[in-house]
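Raw data-v5.txt, compact mmCIF, C-alpha atoms:
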# COMPACT_ATOMS: atom_id res chain seq x y z
CA MET A 43 125.34 99.28 65.02
CA ARG A 44 123.94 95.91 66.09
CA LYS A 45 123.59 94.88 62.44
CA ARG A 46 127.19 95.81 61.76
CA VAL A 47 128.49 93.73 64.67
CA LEU A 48 126.27 90.83 63.58
CA LEU A 49 127.58 91.08 60.00
CA PHE A 50 131.22 90.95 61.10
CA THR A 51 130.44 88.02 63.40
CA ILE A 52 128.88 86.09 60.51
CA ILE A 53 131.90 86.81 58.31
CA PHE A 54 134.24 85.50 61.02
CA ALA A 55 132.16 82.33 61.34
CA ALA A 56 132.24 81.83 57.55
CA LEU A 57 136.02 82.22 57.52
CA GLU A 58 136.47 79.70 60.33
CA ALA A 59 134.17 77.21 58.57
CA GLY A 60 135.95 77.59 55.27
CA LEU A 61 132.88 78.94 53.49
CA LEU A 62 134.64 82.22 52.72
CA ASP A 63 138.21 82.89 51.66
CA LYS A 64 140.31 85.79 52.91
CA GLY A 65 141.03 86.77 49.34
CA ASP A 66 137.33 87.37 48.77
CA LEU A 67 137.39 90.22 51.26
CA LEU A 68 140.50 92.06 50.12
CA PRO A 69 142.10 90.78 46.92
CA GLU A 70 145.67 89.72 47.64
CA GLY A 71 145.17 90.99 51.18
CA GLY A 72 146.14 87.78 52.87
CA GLN A 73 146.53 88.16 56.60
CA LEU A 74 145.93 91.90 56.28
CA SER A 75 142.28 91.35 55.36
CA LYS A 76 141.66 89.32 58.51
CA VAL A 77 143.35 91.96 60.69
CA CYS A 78 141.20 94.69 59.12
CA LEU A 79 138.10 92.61 59.72
CA HIS A 80 139.05 92.11 63.38
CA LEU A 81 139.66 95.85 63.75
CA CYS A 82 136.31 96.80 62.23
CA TRP A 83 134.50 94.29 64.45
CA GLY A 84 136.27 95.57 67.57
CA LEU A 85 135.48 99.21 66.81
CA SER A 86 131.82 98.40 66.12
CA TRP A 87 131.45 96.41 69.34
CA TYR A 88 133.11 99.16 71.40
CA THR A 89 130.80 101.81 69.92
CA LEU A 90 127.74 99.69 70.63
CA HIS A 91 128.85 98.98 74.20
CA HIS A 92 129.65 102.66 74.84
CA THR A 93 126.22 103.70 73.52
CA HIS A 94 124.40 101.27 75.81
CA ALA A 95 126.42 102.44 78.82
CA ARG A 96 125.11 105.99 78.40
CA ARG A 97 121.48 106.69 79.09
CA TYR A 98 121.35 109.77 76.90
CA LEU A 99 123.35 110.46 73.76
CA ARG A 100 123.13 114.22 74.19
CA ARG A 101 125.32 115.63 76.95
CA ASP A 102 124.09 119.23 76.67
CA ARG A 103 120.46 118.45 77.57
CA GLY A 104 120.88 119.63 81.17
CA GLY A 105 120.58 117.56 84.30
CA VAL A 106 118.00 117.41 87.09
CA ALA A 107 119.15 118.78 90.42
CA LYS A 108 119.03 115.97 93.01
CA THR A 109 119.05 117.40 96.51
CA GLY A 110 116.92 116.83 99.59
CA ALA A 111 117.79 120.13 101.25
CA TRP A 112 114.24 121.50 101.02
CA PHE A 113 112.68 118.42 102.63
CA ARG A 114 115.23 118.32 105.45
CA MET A 115 114.73 122.04 106.13
CA VAL A 116 110.93 121.71 106.30
CA PHE A 117 110.95 118.46 108.27
CA TYR A 118 113.51 119.42 110.92
CA SER A 119 113.45 123.23 111.06
CA ALA A 120 110.06 124.54 109.90
CA SER A 121 107.33 125.55 112.33
CA GLU A 122 104.35 123.31 112.99
CA GLU A 123 102.06 125.57 110.97
CA ARG A 124 104.38 125.57 107.96
CA PHE A 125 104.80 121.81 108.20
CA ARG A 126 101.03 121.39 108.17
CA ASN A 127 100.69 123.71 105.17
CA HIS A 128 103.10 121.62 103.14
CA PHE A 129 102.03 118.09 104.12
CA ARG A 130 98.47 118.72 105.38
CA VAL A 131 99.14 116.79 108.62
CA SER A 132 100.87 117.54 111.90
CA ARG A 133 104.28 116.13 112.75
CA SER A 134 102.77 113.66 115.19
CA THR A 135 100.37 112.36 112.54
CA PHE A 136 103.24 112.17 110.05
CA LEU A 137 105.27 110.01 112.46
CA THR A 138 102.24 107.81 113.20
CA LEU A 139 101.73 107.17 109.50
CA LYS A 140 105.43 106.54 109.09
CA ASN A 141 105.36 103.86 111.80
CA LEU A 142 102.34 102.31 110.08
CA LEU A 143 104.25 102.20 106.80
CA LEU A 144 107.26 100.64 108.48
CA THR A 145 105.02 97.91 109.90
CA ARG A 146 102.99 97.09 106.80
CA ALA A 147 104.97 98.34 103.81
CA ARG A 148 107.57 95.60 103.41
CA PRO A 149 105.70 93.59 100.72
CA VAL A 150 104.95 96.75 98.72
CA ILE A 151 108.01 98.92 99.32
CA SER A 152 110.58 96.13 98.97
CA CYS A 153 112.71 96.54 95.85
CA ARG A 154 112.39 93.67 93.38
CA ARG A 155 115.18 94.59 90.99
CA GLY A 156 118.04 95.06 93.39
CA GLY A 157 118.37 98.83 92.95
CA ALA A 158 118.33 101.43 95.71
CA GLN A 159 114.98 103.01 96.54
CA VAL A 160 114.07 106.38 97.95
CA LYS A 161 113.87 106.34 101.75
CA LEU A 162 110.47 105.45 103.14
CA GLU A 163 110.25 108.73 105.02
CA LEU A 164 110.82 110.66 101.80
CA GLN A 165 108.32 108.54 99.90
CA HIS A 166 105.75 109.29 102.58
CA ALA A 167 106.44 113.05 102.38
CA ILE A 168 106.26 113.02 98.56
CA THR A 169 102.87 111.31 98.68
CA LEU A 170 101.38 113.71 101.24
CA PHE A 171 102.65 116.75 99.35
CA HIS A 172 101.47 115.35 96.02
CA LEU A 173 97.96 114.58 97.31
CA GLY A 174 97.68 117.75 99.39
CA HIS A 175 98.09 120.21 96.52
CA TYR A 176 96.13 121.02 93.42
CA GLY A 177 96.98 122.43 90.01
CA ASN A 178 100.53 123.24 88.96
CA ALA A 179 101.86 122.75 92.49
CA CYS A 180 101.10 119.01 92.39
CA SER A 181 102.43 118.33 88.90
CA VAL A 182 104.88 115.43 88.81
CA ASP A 183 107.72 117.58 87.48
CA ALA A 184 107.22 120.26 90.14
CA VAL A 185 107.16 117.74 92.99
CA ALA A 186 110.24 115.96 91.58
CA ASP A 187 112.21 119.23 91.40
CA LEU A 188 111.12 120.23 94.91
CA PHE A 189 112.16 116.98 96.58
CA GLY A 190 115.21 116.40 94.39
CA VAL A 191 114.08 113.05 92.95
CA SER A 192 113.17 111.78 89.51
CA VAL A 193 109.71 111.90 87.98
CA GLY A 194 109.46 108.13 88.19
CA ALA A 195 110.26 108.24 91.91
CA VAL A 196 107.28 110.58 92.51
CA ILE A 197 104.90 108.28 90.62
CA GLU A 198 106.13 105.07 92.23
CA SER A 199 106.29 106.57 95.75
CA THR A 200 102.70 107.78 95.52
CA ARG A 201 101.54 104.42 94.21
CA ARG A 202 103.30 102.44 96.94
CA VAL A 203 102.22 104.60 99.89
CA VAL A 204 98.60 104.82 98.74
CA LYS A 205 98.49 101.04 98.30
CA VAL A 206 99.76 100.49 101.86
CA LEU A 207 97.38 103.03 103.40
CA ALA A 208 94.41 101.61 101.48
CA GLY A 209 95.22 98.17 102.85
CA ALA A 210 95.40 99.48 106.42
CA ALA A 211 92.25 101.64 106.20
CA PRO A 212 89.72 98.99 107.39
CA GLN A 213 91.62 98.61 110.67
CA HIS A 214 91.50 102.33 111.46
CA ILE A 215 88.27 103.58 109.85
CA ARG A 216 85.71 101.77 111.98
CA TRP A 217 82.21 102.57 113.17
CA PRO A 218 81.98 103.04 116.95
CA ASN A 219 80.50 100.21 118.98
CA ALA A 220 77.53 100.57 121.33
CA GLN A 221 79.65 101.61 124.31
CA ARG A 222 81.55 104.19 122.27
CA ARG A 223 78.31 105.55 120.80
CA ALA A 224 76.96 106.16 124.31
CA THR A 225 80.12 108.08 125.24
CA LEU A 226 79.94 110.23 122.10
CA SER A 227 76.26 110.96 122.71
CA ALA A 228 76.96 112.06 126.28
CA PHE A 229 79.76 114.38 125.14
CA ALA A 230 77.55 116.12 122.56
CA ALA A 231 74.74 116.54 125.07
CA GLU A 232 76.98 117.91 127.80
CA LYS A 233 79.11 120.29 125.73
CA HIS A 234 76.65 121.52 123.10
CA GLY A 235 73.16 120.41 124.13
CA PHE A 236 72.54 117.98 121.25
CA GLN A 237 70.92 114.80 122.54
CA HIS A 238 71.76 111.35 121.09
CA CYS A 239 74.27 112.63 118.50
CA ILE A 240 77.22 110.27 117.93
CA GLY A 241 79.05 112.15 115.18
CA ALA A 242 78.86 114.40 112.14
CA THR A 243 78.67 113.69 108.42
CA ASP A 244 79.32 115.86 105.40
CA GLY A 245 80.14 115.56 101.73
CA THR A 246 83.12 116.87 99.81
CA THR A 247 84.40 116.79 96.24
CA PHE A 248 87.75 115.68 94.82
CA PRO A 249 88.63 117.83 91.78
CA LEU A 250 89.92 116.10 88.66
CA ALA A 251 92.80 117.49 86.64
CA TYR A 252 91.15 116.73 83.30
CA GLN A 253 87.71 116.32 81.85
CA PRO A 254 86.72 112.63 81.78
CA ALA A 255 86.38 111.12 78.32
CA LEU A 256 83.11 109.26 79.02
CA GLN A 257 80.00 111.19 80.07
CA PRO A 258 81.85 114.24 81.38
CA TRP A 259 78.63 116.06 82.31
CA THR A 260 78.07 113.60 85.17
CA TYR A 261 81.32 114.82 86.78
CA PHE A 262 80.57 118.56 86.48
CA ASP A 263 79.72 119.78 89.99
CA ARG A 264 78.10 122.92 91.37
CA LYS A 265 81.51 124.61 91.68
CA GLN A 266 81.95 124.49 87.90
CA ARG A 267 84.65 121.83 87.84
CA TYR A 268 84.98 118.11 87.18
CA SER A 269 85.20 116.07 90.36
CA LEU A 270 84.24 112.98 92.34
CA ASN A 271 81.95 113.14 95.36
CA GLY A 272 82.50 111.53 98.73
CA LEU A 273 80.75 111.42 102.09
CA PHE A 274 82.71 111.33 105.37
CA THR A 275 81.47 110.58 108.88
CA CYS A 276 83.60 111.29 111.93
CA ARG A 277 83.51 111.37 115.71
CA TRP A 278 83.85 114.49 117.85
CA ASP A 279 87.61 113.92 118.12
CA CYS A 280 87.82 114.18 114.29
CA CYS A 281 88.54 110.47 113.77
CA ILE A 282 86.86 109.24 110.59
CA THR A 283 84.45 106.36 111.13
CA ASN A 284 82.95 105.87 107.64
CA VAL A 285 83.75 106.83 104.05
CA VAL A 286 81.44 106.60 101.05
CA LEU A 287 83.07 106.88 97.62
CA GLY A 288 82.17 106.05 94.04
CA CYS A 289 79.80 108.88 93.07
CA THR A 290 80.51 111.55 90.47
CA GLY A 291 80.69 115.26 91.24
CA ALA A 292 77.20 115.97 89.87
CA ALA A 293 75.62 113.67 92.47
CA PRO A 294 74.18 115.62 95.44
CA ASP A 295 75.06 114.74 99.03
CA ALA A 296 71.58 113.29 99.56
CA PHE A 297 72.16 110.72 96.82
CA VAL A 298 75.59 109.80 98.18
CA GLN A 299 74.01 109.41 101.63
CA SER A 300 71.43 107.00 100.20
CA THR A 301 74.26 104.68 99.12
CA ALA A 302 75.93 104.63 102.56
CA GLU A 303 75.74 101.42 104.58
CA TRP A 304 74.74 103.26 107.75
CA HIS A 305 71.78 104.78 105.88
CA ARG A 306 70.64 101.52 104.27
CA ARG A 307 71.08 99.34 107.39
CA PRO A 308 70.63 101.67 110.40
CA ASN A 309 69.77 98.83 112.79
CA ILE A 310 73.41 97.69 112.60
CA PHE A 311 75.09 101.09 112.86
CA PHE A 312 72.81 103.03 115.25
CA SER A 313 71.59 102.36 118.74
CA VAL A 314 68.02 103.29 119.59
CA GLY A 315 67.50 107.04 119.11
CA LYS A 316 71.08 107.80 118.02
CA LEU A 317 71.62 110.32 115.20
CA LEU A 318 74.26 112.21 113.22
CA LEU A 319 74.69 115.91 112.59
CA GLY A 320 74.68 117.12 108.98
CA ASP A 321 74.01 120.10 106.76
CA LYS A 322 70.86 121.13 104.94
CA GLY A 323 71.70 119.00 101.90
CA MET A 324 71.41 115.71 103.78
CA LEU A 325 68.38 113.44 104.04
CA PRO A 326 66.58 113.87 107.39
CA ARG A 327 66.62 110.14 108.15
CA PHE A 328 69.09 109.60 111.04
CA VAL A 329 70.65 113.03 110.35
CA ILE A 330 69.86 116.29 112.15
CA GLY A 331 70.23 119.29 109.86
CA PRO A 332 69.87 123.03 110.38
CA PHE A 333 66.68 125.00 109.98
CA LYS A 334 66.37 126.15 106.38
CA GLU A 335 65.78 129.74 105.39
CA PRO A 336 61.94 129.91 105.37
CA GLU A 337 61.66 128.31 108.83
CA CYS A 338 64.70 130.03 110.37
CA THR A 339 62.88 133.12 111.58
CA CYS A 340 63.44 133.29 115.35
CA ALA A 341 66.51 133.66 117.54
CA GLU A 342 66.09 130.14 118.88
CA HIS A 343 66.39 128.64 115.40
CA ARG A 344 69.38 130.81 114.54
CA ASN A 345 71.10 129.78 117.77
CA PHE A 346 70.38 126.13 116.96
CA ASN A 347 72.00 126.51 113.54
CA TYR A 348 74.99 128.27 115.10
CA GLN A 349 75.57 125.56 117.70
CA LEU A 350 75.17 122.84 115.08
CA ALA A 351 77.70 124.45 112.74
CA ARG A 352 80.06 125.04 115.67
CA LEU A 353 79.98 121.38 116.67
CA ARG A 354 80.29 120.09 113.10
CA VAL A 355 83.22 122.33 112.20
Turn this file's structure into structure tokens for me.
Amino acid sequence: MRKRVLLFTIIFAALEAGLLDKGDLLPEGGQLSKVCLHLCWGLSWYTLHHTHARRYLRRDRGGVAKTGAWFRMVFYSASEERFRNHFRVSRSTFLTLKNLLLTRARPVISCRRGGAQVKLELQHAITLFHLGHYGNACSVDAVADLFGVSVGAVIESTRRVVKVLAGAAPQHIRWPNAQRRATLSAFAAEKHGFQHCIGATDGTTFPLAYQPALQPWTYFDRKQRYSLNGLFTCRWDCCITNVVLGCTGAAPDAFVQSTAEWHRRPNIFFSVGKLLLGDKGMLPRFVIGPFKEPECTCAEHRNFNYQLARLRV
């Protein structure tokens, strides 16, 4: 269609310049040949313009339902337990993160092309739902249908919100200072009998949707799936104080612990005699673990393991 419009435009220019005669187009056509040429050019231009104005040529392909009824029902009417099941956070945490996004998200969320964007609250909900589910439930198409947005909106919303949260993470994920470590140690000693413990640490895996192309065996974990491994350290109020990422799923927790800054430079992160609680897969340096099976023979050891698991969980 573009070539046809271009051809007619060239013919018009040749006629105006005198390089082409009207009789060459339609013998003995005279003025009629020029009128026919104008008509063909107008029809071609209209067809081209009409085609560009429509995103899809097929009208029977079916549309995507765009409605936010499900999100409004869950956000305003669902119980706290159901809200947590969908978004993996409480309503108070959701609002706290929303306020954080409103404060820091302007450079990332701002629209650069002048078009309307999805509301920030909805982008936040899409990201939490997308990251909080696994398998078919977190597919881009399924999330788009559930929230009544396009597939591109799901991808861009997740990218924007994750970028903002990653930028704000260093201000909120911080190791406790000396005064805070003393308070945490006193709490653990008073409530559960563990002396000098300032927090708990444990590893977890992040499953991958597909097998990696390069060296996939290094990602195959003990749960028979491809994943990445991470190590999290938190206080007794469940606030995360340190995150270690970058290891594949096949790496054990002890190896991930060896790469942590608090393990490599304990004089900066620990006061004298302060420790963390961990599981049996952790290295014993600066981490108290449970008694393993051969040594766990008496009631005192079993009670120690019970209290340790109770405090960690």
* To do: Just give me the gap between atom CA of Thr145 of chain A and atom CA of Val203 of chain A in Å, one decimal is fine.
  => 12.4 Å
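Atom CA of Gly209 of chain A is found 8.8 Å from atom CA of Arg146 of chain A.
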Within 9 Å of segment 289-303 of chain A, which residues of segment 308-349 of chain A show up? Give each one with its shortest atom-to-atom distance in Å (one decimal) and the two atoms involved, counting all atoms listed in the file, rows by chain then rising residue number, as a Markdown table.
| residue | atom | partner | partner_atom | distance |
| --- | --- | --- | --- | --- |
| A:Pro308 | CA | A:Glu303 | CA | 7.7 |
| A:Phe311 | CA | A:Glu303 | CA | 8.3 |
| A:Gly323 | CA | A:Asp295 | CA | 6.1 |
| A:Met324 | CA | A:Ala296 | CA | 4.9 |
| A:Leu325 | CA | A:Ala296 | CA | 5.5 |
* **Interatomic distance (Å, one decimal) between atom CA of Ile240 of chain A and atom CA of Leu318 of chain A** => 5.9 Å
* To do: Taking the point (80.3, 113.7, 114.0) as given in the file, collect each protein or nucleic acid residue that comes within 6 Å of it, counting only C-alpha atoms, and present the set as a list in words.
  => Gly241, Ala242, Thr243, Cys276, Arg277 and Trp278 of chain A
* For Leu162 of chain A: contacts at 12 Å, all atoms listed in the file, fewer than 5 positions along chain excluded, given as number ranges by chain -> A: 137, 139-148, 150-153, 167-169, 195, 198-200, 202-203, 206
* Asked: Which residues, protein or nucleic acid, reach to within 12 Å of (92.9, 112.4, 85.4) in the file's coordinates when using only C-alpha atoms, and can you give that as JSON, numbers by chain?
  -> {"A": [177, 181, 248, 249, 250, 251, 252, 253, 254, 255, 258, 261, 268, 269, 270]}
